[in-house]
Amino acid sequence: MQAFHFSLETLLKVRRIEEEEMQIKLAEASAKVKTEKERLALLNDKLTAHINEYRSKQRDKISVSILNVFHYYNDKLKEDIIDQHSCVDMANKQFQQRLVLLEQAVKARKLVEKLREKRLAEYQAECLAEEQRVIDEQGLQVYSRNK
């Protein structure tokens, strides 16, 4: 009997490649989320440092123009933090979307793999039946010779 050949082997390879690509994209999305969160933390640290500097400067005499600069910079940091929250949310959404795509790719690959396993089991059963038939035939020949 000829060796096992799965006609959808190419499809299985394609599904594996797609899954690997989705894993790479998910890792990229995860790195993006991490980067965006780090930027947000940096902005929050800058704001905290700015507020602390402002409080220390309040003890000294400062001009109105410097006071305005502190307020403008404070407002700018708060706007940047709000924008960065949006970036973090978008990165999280993209991560979730890629996670869903990866789950779909895994399901598609597993479906083809299960079909391959089923066909392999059928092939092995056929081989076993063929082998049993040959053994029975040989046994019959030996029996008929001995008679």
# chains A, B, ... in the order shown; residues from 1 in each chain; ligands from 1
>>> residues_around(residues="region 40-45 of chain A", least_positions_apart="6", cutoff="9 Å", atoms="only C-alpha atoms", output="ChimeraX atom specification")
/A:77-78,80-81,84-85,88
>>> write_last_selection(atoms="C-alpha atoms", output="mmCIF file, in the first residue's frame")
data_model
loop_
_atom_site.group_PDB
_atom_site.id
_atom_site.type_symbol
_atom_site.label_atom_id
_atom_site.label_comp_id
_atom_site.auth_asym_id
_atom_site.auth_seq_id
_atom_site.Cartn_x
_atom_site.Cartn_y
_atom_site.Cartn_z
ATOM 1 C CA LEU A 77 0.604 68.257 29.859
ATOM 2 C CA LYS A 78 -3.013 67.540 30.814
ATOM 3 C CA ASP A 80 -1.162 65.367 26.220
ATOM 4 C CA ILE A 81 -2.244 62.928 28.937
ATOM 5 C CA GLN A 84 -2.207 59.554 25.337
ATOM 6 C CA HIS A 85 -5.150 57.851 27.065
ATOM 7 C CA VAL A 88 -3.576 53.581 24.860
#
>>> residues_around(residues="Cys87 (chain A)", least_positions_apart="2", cutoff="12 Å", atoms="only C-alpha atoms", output="list in words")
Lys32, Val33, Lys34, Thr35, Glu36, Lys37, Glu38, Arg39, Leu40, Asp80, Ile81, Ile82, Asp83, Gln84, His85, Asp89, Met90, Ala91, Asn92, Lys93 and Gln94 of chain A
>>> closest_atom_pairs(of="region 2-84 of chain A", to="region 111-129 of chain A", cutoff="9 Å", atoms="only C-alpha atoms", output="JSON lines")
{"residue": "A:Phe4", "atom": "CA", "partner": "A:Tyr123", "partner_atom": "CA", "distance": 6.8}
{"residue": "A:His5", "atom": "CA", "partner": "A:Leu120", "partner_atom": "CA", "distance": 8.6}
{"residue": "A:Phe6", "atom": "CA", "partner": "A:Arg116", "partner_atom": "CA", "distance": 6.6}
{"residue": "A:Ser7", "atom": "CA", "partner": "A:Arg116", "partner_atom": "CA", "distance": 9.0}
{"residue": "A:Leu8", "atom": "CA", "partner": "A:Val112", "partner_atom": "CA", "distance": 7.8}
{"residue": "A:Glu9", "atom": "CA", "partner": "A:Arg116", "partner_atom": "CA", "distance": 8.1}
{"residue": "A:Leu11", "atom": "CA", "partner": "A:Val112", "partner_atom": "CA", "distance": 7.8}
{"residue": "A:Leu12", "atom": "CA", "partner": "A:Val112", "partner_atom": "CA", "distance": 6.1}
{"residue": "A:Arg15", "atom": "CA", "partner": "A:Val112", "partner_atom": "CA", "distance": 8.3}
>>> atom_distance(atom1="CA of Lys107 (chain A)", atom2="CA of Ala31 (chain A)")
24.3 Å
>>> decode(residues="region 1-102 of chain A", atoms="C-alpha atoms", output="compact mmCIF listing (two decimals), in the first residue's frame")
# COMPACT_ATOMS: atom_id res chain seq x y z
CA MET A 1 0.00 0.00 0.00
CA GLN A 2 1.28 3.47 -0.82
CA ALA A 3 2.36 6.00 1.81
CA PHE A 4 -0.17 8.31 3.42
CA HIS A 5 -0.85 11.47 1.44
CA PHE A 6 -3.11 14.22 2.79
CA SER A 7 -4.52 16.17 -0.12
CA LEU A 8 -5.01 19.30 2.00
CA GLU A 9 -1.41 19.39 3.27
CA THR A 10 -0.78 22.66 1.43
CA LEU A 11 -3.83 24.21 3.06
CA LEU A 12 -2.57 23.06 6.45
CA LYS A 13 0.82 24.70 5.78
CA VAL A 14 -0.91 27.91 4.74
CA ARG A 15 -3.02 27.89 7.90
CA ARG A 16 0.11 27.39 10.03
CA ILE A 17 1.82 30.30 8.28
CA GLU A 18 -1.25 32.49 8.79
CA GLU A 19 -1.29 31.57 12.47
CA GLU A 20 2.39 32.45 12.84
CA GLU A 21 1.76 35.79 11.11
CA MET A 22 -1.11 36.49 13.48
CA GLN A 23 1.13 35.65 16.45
CA ILE A 24 3.72 38.12 15.18
CA LYS A 25 1.07 40.81 14.69
CA LEU A 26 -0.29 40.13 18.18
CA ALA A 27 3.21 40.48 19.64
CA GLU A 28 3.62 43.78 17.78
CA ALA A 29 0.28 45.00 19.11
CA SER A 30 1.27 43.95 22.62
CA ALA A 31 4.53 45.89 22.30
CA LYS A 32 2.57 48.91 21.05
CA VAL A 33 0.29 48.76 24.09
CA LYS A 34 3.31 48.59 26.36
CA THR A 35 4.97 51.54 24.61
CA GLU A 36 1.83 53.67 24.80
CA LYS A 37 1.40 52.89 28.50
CA GLU A 38 5.03 53.81 29.13
CA ARG A 39 4.49 57.14 27.35
CA LEU A 40 1.42 57.75 29.49
CA ALA A 41 3.37 56.98 32.66
CA LEU A 42 6.12 59.35 31.51
CA LEU A 43 3.61 62.13 30.94
CA ASN A 44 2.07 61.53 34.36
CA ASP A 45 5.55 61.68 35.90
CA LYS A 46 6.25 64.94 34.06
CA LEU A 47 3.00 66.40 35.35
CA THR A 48 3.78 65.37 38.92
CA ALA A 49 7.29 66.82 38.65
CA HIS A 50 5.89 70.03 37.15
CA ILE A 51 3.36 70.39 39.95
CA ASN A 52 6.06 69.83 42.55
CA GLU A 53 8.28 72.44 40.87
CA TYR A 54 5.37 74.86 40.72
CA ARG A 55 4.71 74.41 44.44
CA SER A 56 8.36 75.00 45.28
CA LYS A 57 8.41 78.14 43.10
CA GLN A 58 5.27 79.48 44.81
CA ARG A 59 7.29 79.99 47.98
CA ASP A 60 9.59 82.34 46.08
CA LYS A 61 8.54 85.52 44.43
CA ILE A 62 7.78 84.81 40.78
CA SER A 63 6.60 87.05 38.02
CA VAL A 64 3.21 86.82 36.38
CA SER A 65 4.76 85.77 33.07
CA ILE A 66 6.51 82.80 34.72
CA LEU A 67 3.27 81.92 36.47
CA ASN A 68 1.49 81.96 33.10
CA VAL A 69 4.17 79.70 31.61
CA PHE A 70 3.64 77.22 34.45
CA HIS A 71 -0.12 77.21 33.85
CA TYR A 72 0.20 76.87 30.07
CA TYR A 73 2.65 74.00 30.43
CA ASN A 74 0.37 72.37 33.03
CA ASP A 75 -2.58 72.62 30.64
CA LYS A 76 -0.47 71.26 27.77
CA LEU A 77 0.60 68.26 29.86
CA LYS A 78 -3.01 67.54 30.81
CA GLU A 79 -4.05 67.67 27.13
CA ASP A 80 -1.16 65.37 26.22
CA ILE A 81 -2.24 62.93 28.94
CA ILE A 82 -5.80 62.90 27.59
CA ASP A 83 -4.49 62.30 24.06
CA GLN A 84 -2.21 59.55 25.34
CA HIS A 85 -5.15 57.85 27.06
CA SER A 86 -6.80 57.76 23.63
CA CYS A 87 -3.65 56.24 22.13
CA VAL A 88 -3.58 53.58 24.86
CA ASP A 89 -7.24 52.79 24.25
CA MET A 90 -6.67 52.49 20.50
CA ALA A 91 -3.66 50.24 21.05
CA ASN A 92 -5.74 48.05 23.40
CA LYS A 93 -8.51 47.81 20.80
CA GLN A 94 -6.03 46.82 18.12
CA PHE A 95 -4.55 44.23 20.48
CA GLN A 96 -8.01 42.76 21.11
CA GLN A 97 -8.77 42.68 17.38
CA ARG A 98 -5.53 40.87 16.64
CA LEU A 99 -6.21 38.46 19.48
CA VAL A 100 -9.56 37.60 17.89
CA LEU A 101 -7.87 37.13 14.50
CA LEU A 102 -5.29 34.84 16.09
